[in-house]
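Step one of this worksheet: look at the structure below.
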Amino acid sequence: MDGSKSVGDLETCRVYVGNLPYGTAWQDLKDHMRTVASVVRADVFKGYGIVQFESASNAQKAISEMNGTLFGGRTLSVREDRENAPSRYTPSGMAGGGVARSTFHGSSSSAPFRGKYLNPYPQSKFGGDSVKQIKLFVGNLPFSAQWQDFNGLFGECKGLIRAEILYLPDGRSKGAGLLVFSNDSDAQNAINSFNGIEFQGRVIEVRLDRYS
């Protein structure tokens, strides 16, 4: 035995950390998580992070102690890393030995991401194969709506990869959101189901994103 860990072993040592504050660096995440146990590696993507611990027991300890805690003013969602995505550590997914800054190409917002990834690795999986993305624009949202409200409305849609409210650079809502689906039929079902419904007192518009 050479003492190396198998892919399965590594998966049990990794945790997914969601709802990270905008601008979180990998070192910030690593420093925060190693207050629970020794961290082997920490990678930050857009809106979430992946942390690898030395053992599965340390990973479970992190989940138990860190899930629901505040970090940078936001409540963290910490759970087992459920995706096997080797491309996470390829040049297209990260830069360096712990810094990852992947983005969604073609997004109509350059403001801080305030949404939810329902698939933690929406751009690539299993060797870097691209995942199809169908983007829907959601208009006439209440300016007071938070991404938690937005995700509560659309979060159970079949085929949904990502849901986010769009913000101006100064942090104010644009009164619009973006949905990303993995296929045409589920995207069309969402349009049929949600276009023209009332949400927090406003009739919302759901249509294909013209800029995708």
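So you can find residues: chains in the structure tokens are A, B, ... in the order shown, residues in each start at 1, and ligands are numbered from 1 in order.
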List as a PyMOL selection string the protein and nucleic acid residues near Glu65 (chain A), meaning an atom at most 12 Å away when only C-alpha atoms are counted, but skip any in the same chain fewer than 6 places from it.
chain A and resi 32-37+58-59+76-79
Write the selection just made, keeping all heavy atoms, as a PDB file, in the first residue's frame?
```pdb
ATOM      1  N   HIS A  32     -11.063  29.909   7.998  1.00  0.00           N
ATOM      2  CA  HIS A  32     -12.311  29.754   8.750  1.00  0.00           C
ATOM      3  C   HIS A  32     -12.583  28.287   9.064  1.00  0.00           C
ATOM      4  O   HIS A  32     -12.939  27.949  10.198  1.00  0.00           O
ATOM      5  CB  HIS A  32     -13.461  30.336   7.934  1.00  0.00           C
ATOM      6  CG  HIS A  32     -14.781  30.296   8.634  1.00  0.00           C
ATOM      7  ND1 HIS A  32     -15.045  31.037   9.764  1.00  0.00           N
ATOM      8  CD2 HIS A  32     -15.926  29.581   8.382  1.00  0.00           C
ATOM      9  CE1 HIS A  32     -16.279  30.798  10.178  1.00  0.00           C
ATOM     10  NE2 HIS A  32     -16.833  29.912   9.352  1.00  0.00           N
ATOM     11  N   MET A  33     -12.398  27.415   8.099  1.00  0.00           N
ATOM     12  CA  MET A  33     -12.737  26.005   8.286  1.00  0.00           C
ATOM     13  C   MET A  33     -11.731  25.253   9.144  1.00  0.00           C
ATOM     14  O   MET A  33     -12.065  24.266   9.800  1.00  0.00           O
ATOM     15  CB  MET A  33     -12.877  25.316   6.923  1.00  0.00           C
ATOM     16  CG  MET A  33     -13.976  25.891   6.043  1.00  0.00           C
ATOM     17  SD  MET A  33     -15.626  25.853   6.786  1.00  0.00           S
ATOM     18  CE  MET A  33     -16.002  24.108   6.662  1.00  0.00           C
ATOM     19  N   ARG A  34     -10.490  25.727   9.174  1.00  0.00           N
ATOM     20  CA  ARG A  34      -9.505  24.997   9.975  1.00  0.00           C
ATOM     21  C   ARG A  34      -9.614  25.314  11.468  1.00  0.00           C
ATOM     22  O   ARG A  34      -8.835  24.780  12.266  1.00  0.00           O
ATOM     23  CB  ARG A  34      -8.098  25.256   9.462  1.00  0.00           C
ATOM     24  CG  ARG A  34      -7.543  26.658   9.652  1.00  0.00           C
ATOM     25  CD  ARG A  34      -6.171  26.739   9.012  1.00  0.00           C
ATOM     26  NE  ARG A  34      -5.586  28.065   9.116  1.00  0.00           N
ATOM     27  CZ  ARG A  34      -4.449  28.416   8.520  1.00  0.00           C
ATOM     28  NH1 ARG A  34      -3.807  27.548   7.763  1.00  0.00           N
ATOM     29  NH2 ARG A  34      -3.965  29.641   8.662  1.00  0.00           N
ATOM     30  N   THR A  35     -10.574  26.141  11.838  1.00  0.00           N
ATOM     31  CA  THR A  35     -10.863  26.301  13.264  1.00  0.00           C
ATOM     32  C   THR A  35     -11.534  25.051  13.818  1.00  0.00           C
ATOM     33  O   THR A  35     -11.587  24.859  15.027  1.00  0.00           O
ATOM     34  CB  THR A  35     -11.774  27.521  13.512  1.00  0.00           C
ATOM     35  OG1 THR A  35     -13.014  27.343  12.815  1.00  0.00           O
ATOM     36  CG2 THR A  35     -11.115  28.799  13.027  1.00  0.00           C
ATOM     37  N   VAL A  36     -12.038  24.213  12.911  1.00  0.00           N
ATOM     38  CA  VAL A  36     -12.674  22.958  13.308  1.00  0.00           C
ATOM     39  C   VAL A  36     -11.693  21.801  13.220  1.00  0.00           C
ATOM     40  O   VAL A  36     -11.600  20.970  14.128  1.00  0.00           O
ATOM     41  CB  VAL A  36     -13.902  22.671  12.414  1.00  0.00           C
ATOM     42  CG1 VAL A  36     -14.472  21.293  12.700  1.00  0.00           C
ATOM     43  CG2 VAL A  36     -14.965  23.726  12.612  1.00  0.00           C
ATOM     44  N   ALA A  37     -10.960  21.746  12.093  1.00  0.00           N
ATOM     45  CA  ALA A  37     -10.004  20.650  11.879  1.00  0.00           C
ATOM     46  C   ALA A  37      -9.013  21.065  10.803  1.00  0.00           C
ATOM     47  O   ALA A  37      -9.242  22.033  10.064  1.00  0.00           O
ATOM     48  CB  ALA A  37     -10.736  19.369  11.469  1.00  0.00           C
ATOM     49  N   ASN A  58     -13.175  14.284  10.175  1.00  0.00           N
ATOM     50  CA  ASN A  58     -13.005  15.735  10.277  1.00  0.00           C
ATOM     51  C   ASN A  58     -13.998  16.467   9.376  1.00  0.00           C
ATOM     52  O   ASN A  58     -14.507  17.534   9.731  1.00  0.00           O
ATOM     53  CB  ASN A  58     -11.581  16.125   9.894  1.00  0.00           C
ATOM     54  CG  ASN A  58     -10.583  15.826  10.989  1.00  0.00           C
ATOM     55  OD1 ASN A  58     -10.955  15.560  12.130  1.00  0.00           O
ATOM     56  ND2 ASN A  58      -9.303  15.854  10.654  1.00  0.00           N
ATOM     57  N   ALA A  59     -14.275  15.887   8.207  1.00  0.00           N
ATOM     58  CA  ALA A  59     -15.264  16.481   7.311  1.00  0.00           C
ATOM     59  C   ALA A  59     -16.640  16.479   7.961  1.00  0.00           C
ATOM     60  O   ALA A  59     -17.368  17.481   7.905  1.00  0.00           O
ATOM     61  CB  ALA A  59     -15.296  15.714   5.979  1.00  0.00           C
ATOM     62  N   LEU A  76     -23.805  30.098   6.385  1.00  0.00           N
ATOM     63  CA  LEU A  76     -23.201  29.080   5.538  1.00  0.00           C
ATOM     64  C   LEU A  76     -24.054  27.824   5.456  1.00  0.00           C
ATOM     65  O   LEU A  76     -24.690  27.409   6.432  1.00  0.00           O
ATOM     66  CB  LEU A  76     -21.816  28.696   6.065  1.00  0.00           C
ATOM     67  CG  LEU A  76     -20.737  29.777   6.049  1.00  0.00           C
ATOM     68  CD1 LEU A  76     -19.435  29.208   6.582  1.00  0.00           C
ATOM     69  CD2 LEU A  76     -20.549  30.336   4.636  1.00  0.00           C
ATOM     70  N   SER A  77     -24.036  27.207   4.289  1.00  0.00           N
ATOM     71  CA  SER A  77     -24.621  25.884   4.087  1.00  0.00           C
ATOM     72  C   SER A  77     -23.471  24.917   3.868  1.00  0.00           C
ATOM     73  O   SER A  77     -22.771  24.992   2.858  1.00  0.00           O
ATOM     74  CB  SER A  77     -25.555  25.883   2.869  1.00  0.00           C
ATOM     75  OG  SER A  77     -25.982  24.573   2.572  1.00  0.00           O
ATOM     76  N   VAL A  78     -23.244  24.042   4.836  1.00  0.00           N
ATOM     77  CA  VAL A  78     -22.113  23.109   4.770  1.00  0.00           C
ATOM     78  C   VAL A  78     -22.656  21.686   4.739  1.00  0.00           C
ATOM     79  O   VAL A  78     -23.405  21.282   5.625  1.00  0.00           O
ATOM     80  CB  VAL A  78     -21.156  23.286   5.968  1.00  0.00           C
ATOM     81  CG1 VAL A  78     -19.946  22.372   5.833  1.00  0.00           C
ATOM     82  CG2 VAL A  78     -20.716  24.734   6.089  1.00  0.00           C
ATOM     83  N   ARG A  79     -22.268  20.939   3.718  1.00  0.00           N
ATOM     84  CA  ARG A  79     -22.745  19.565   3.563  1.00  0.00           C
ATOM     85  C   ARG A  79     -21.683  18.741   2.853  1.00  0.00           C
ATOM     86  O   ARG A  79     -20.653  19.265   2.427  1.00  0.00           O
ATOM     87  CB  ARG A  79     -24.044  19.524   2.767  1.00  0.00           C
ATOM     88  CG  ARG A  79     -23.938  20.136   1.378  1.00  0.00           C
ATOM     89  CD  ARG A  79     -25.130  19.778   0.530  1.00  0.00           C
ATOM     90  NE  ARG A  79     -25.192  20.479  -0.728  1.00  0.00           N
ATOM     91  CZ  ARG A  79     -24.467  20.203  -1.817  1.00  0.00           C
ATOM     92  NH1 ARG A  79     -23.550  19.235  -1.769  1.00  0.00           N
ATOM     93  NH2 ARG A  79     -24.628  20.883  -2.924  1.00  0.00           N
TER      94      ARG A  79
END
```
Show which residues sit within 12 Å of Ala176 (chain A), as a PyMOL selection string. Count only C-alpha atoms, and ignore same-chain residues fewer than 2 positions away.
chain A and resi 108-109+136-147+150+163-168+172-174+178-179+202+204-207+209
Select, from A:Asn151, A:Arg74, A:Asp186, A:Ala62, the residue with the minimum atom-to-atom distance to Asn19 (chain A), counting only C-alpha atoms.
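Ranked by minimum distance to Asn19 (chain A), first place goes to A:Arg74.
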Could you work out how far CA of Gly201 (chain A) lies from CA of Asn189 (chain A), giving the answer in Å with one decimal?
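Between CA of Asn189 (chain A) and CA of Gly201 (chain A) the gap works out to 22.6 Å.
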Would you mind listing what lies within 7 Å of Val180 (chain A) as a list in words, with only C-alpha atoms counted and same-chain residues fewer than 4 positions away left out?
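The filter keeps Gln133, Ile134, Lys135, Leu136, Leu160, Ile161, Arg162 and Ala163 of chain A.
With only C-alpha atoms taken into account, the protein and nucleic acid residues at most 7 Å from Ala56 (chain A) (excluding it and anything under 3 positions from it in its own chain) are Thr12, Cys13, Ala59 and Gln60 of chain A.
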Grab the residues selected above and save them as a PDB file, in the first residue's frame with N, CA, C and O atoms.
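Output contents, as saved in part_23.pdb:
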```pdb
ATOM      1  N   THR A  12     -15.204  11.534   0.496  1.00  0.00           N
ATOM      2  CA  THR A  12     -15.736  11.544   1.856  1.00  0.00           C
ATOM      3  C   THR A  12     -15.039  12.581   2.722  1.00  0.00           C
ATOM      4  O   THR A  12     -15.541  12.945   3.780  1.00  0.00           O
ATOM      5  N   CYS A  13     -13.879  13.050   2.282  1.00  0.00           N
ATOM      6  CA  CYS A  13     -13.133  14.054   3.046  1.00  0.00           C
ATOM      7  C   CYS A  13     -13.471  15.475   2.633  1.00  0.00           C
ATOM      8  O   CYS A  13     -12.995  16.419   3.256  1.00  0.00           O
ATOM      9  N   ALA A  59     -14.275  15.887   8.207  1.00  0.00           N
ATOM     10  CA  ALA A  59     -15.264  16.481   7.311  1.00  0.00           C
ATOM     11  C   ALA A  59     -16.640  16.479   7.961  1.00  0.00           C
ATOM     12  O   ALA A  59     -17.368  17.481   7.905  1.00  0.00           O
ATOM     13  N   GLN A  60     -17.002  15.377   8.594  1.00  0.00           N
ATOM     14  CA  GLN A  60     -18.296  15.293   9.276  1.00  0.00           C
ATOM     15  C   GLN A  60     -18.369  16.261  10.453  1.00  0.00           C
ATOM     16  O   GLN A  60     -19.416  16.859  10.734  1.00  0.00           O
TER      17      GLN A  60
END
```
Run DSSP on the backbone and tell me which residues of region 22-57 of chain A come out as alpha helix (DSSP H); list them as JSON, numbers by chain.
{"A": [26, 27, 28, 29, 30, 31, 32, 33, 56, 57]}
Would you output that residue set with N, CA, C and O atoms, as a JSON list (two decimals), in the first residue's frame?
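New file part32.json:
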```json
[["chain", "number", "residue", "atom", "x", "y", "z"],
["A", 26, "TRP", "N", -9.76, 31.99, -1.20],
["A", 26, "TRP", "CA", -9.57, 30.62, -0.72],
["A", 26, "TRP", "C", -8.90, 30.59, 0.65],
["A", 26, "TRP", "O", -9.22, 29.75, 1.49],
["A", 27, "GLN", "N", -8.00, 31.55, 0.90],
["A", 27, "GLN", "CA", -7.32, 31.57, 2.20],
["A", 27, "GLN", "C", -8.29, 31.93, 3.32],
["A", 27, "GLN", "O", -8.20, 31.40, 4.44],
["A", 28, "ASP", "N", -9.24, 32.82, 3.01],
["A", 28, "ASP", "CA", -10.26, 33.17, 4.01],
["A", 28, "ASP", "C", -11.07, 31.94, 4.39],
["A", 28, "ASP", "O", -11.33, 31.69, 5.58],
["A", 29, "LEU", "N", -11.49, 31.17, 3.38],
["A", 29, "LEU", "CA", -12.28, 29.97, 3.64],
["A", 29, "LEU", "C", -11.46, 28.93, 4.40],
["A", 29, "LEU", "O", -11.95, 28.32, 5.35],
["A", 30, "LYS", "N", -10.21, 28.76, 3.98],
["A", 30, "LYS", "CA", -9.36, 27.78, 4.66],
["A", 30, "LYS", "C", -9.15, 28.15, 6.12],
["A", 30, "LYS", "O", -9.26, 27.30, 7.02],
["A", 31, "ASP", "N", -8.88, 29.42, 6.38],
["A", 31, "ASP", "CA", -8.66, 29.86, 7.76],
["A", 31, "ASP", "C", -9.91, 29.66, 8.60],
["A", 31, "ASP", "O", -9.83, 29.28, 9.78],
["A", 32, "HIS", "N", -11.06, 29.91, 8.00],
["A", 32, "HIS", "CA", -12.31, 29.75, 8.75],
["A", 32, "HIS", "C", -12.58, 28.29, 9.06],
["A", 32, "HIS", "O", -12.94, 27.95, 10.20],
["A", 33, "MET", "N", -12.40, 27.42, 8.10],
["A", 33, "MET", "CA", -12.74, 26.01, 8.29],
["A", 33, "MET", "C", -11.73, 25.25, 9.14],
["A", 33, "MET", "O", -12.06, 24.27, 9.80],
["A", 56, "ALA", "N", -12.42, 11.66, 6.83],
["A", 56, "ALA", "CA", -13.87, 11.75, 6.72],
["A", 56, "ALA", "C", -14.49, 12.21, 8.04],
["A", 56, "ALA", "O", -15.48, 12.94, 8.05],
["A", 57, "SER", "N", -13.88, 11.80, 9.15],
["A", 57, "SER", "CA", -14.43, 12.20, 10.46],
["A", 57, "SER", "C", -14.28, 13.71, 10.66],
["A", 57, "SER", "O", -15.18, 14.36, 11.23]]
```
Nearest residue to Ser182 (chain A) from the set A:Val203, A:Gly159, A:Asp170, A:Gly18 (distances using only C-alpha atoms):
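With only C-alpha atoms as the atom set, the closest residue is A:Gly159.
Atom pair CA of Phe53 (chain A) / CA of Gly23 (chain A): separated by 22.7 Å.
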Long-range neighbours of Gly49 (chain A) as a PyMOL selection string, 7 Å cut-off, only C-alpha atoms, 5 positions minimum in chain:
chain A and resi 16-18+43-44
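Of note, CA of Lys46 (chain A) and CA of Ala190 (chain A) are spaced 24.5 Å apart.
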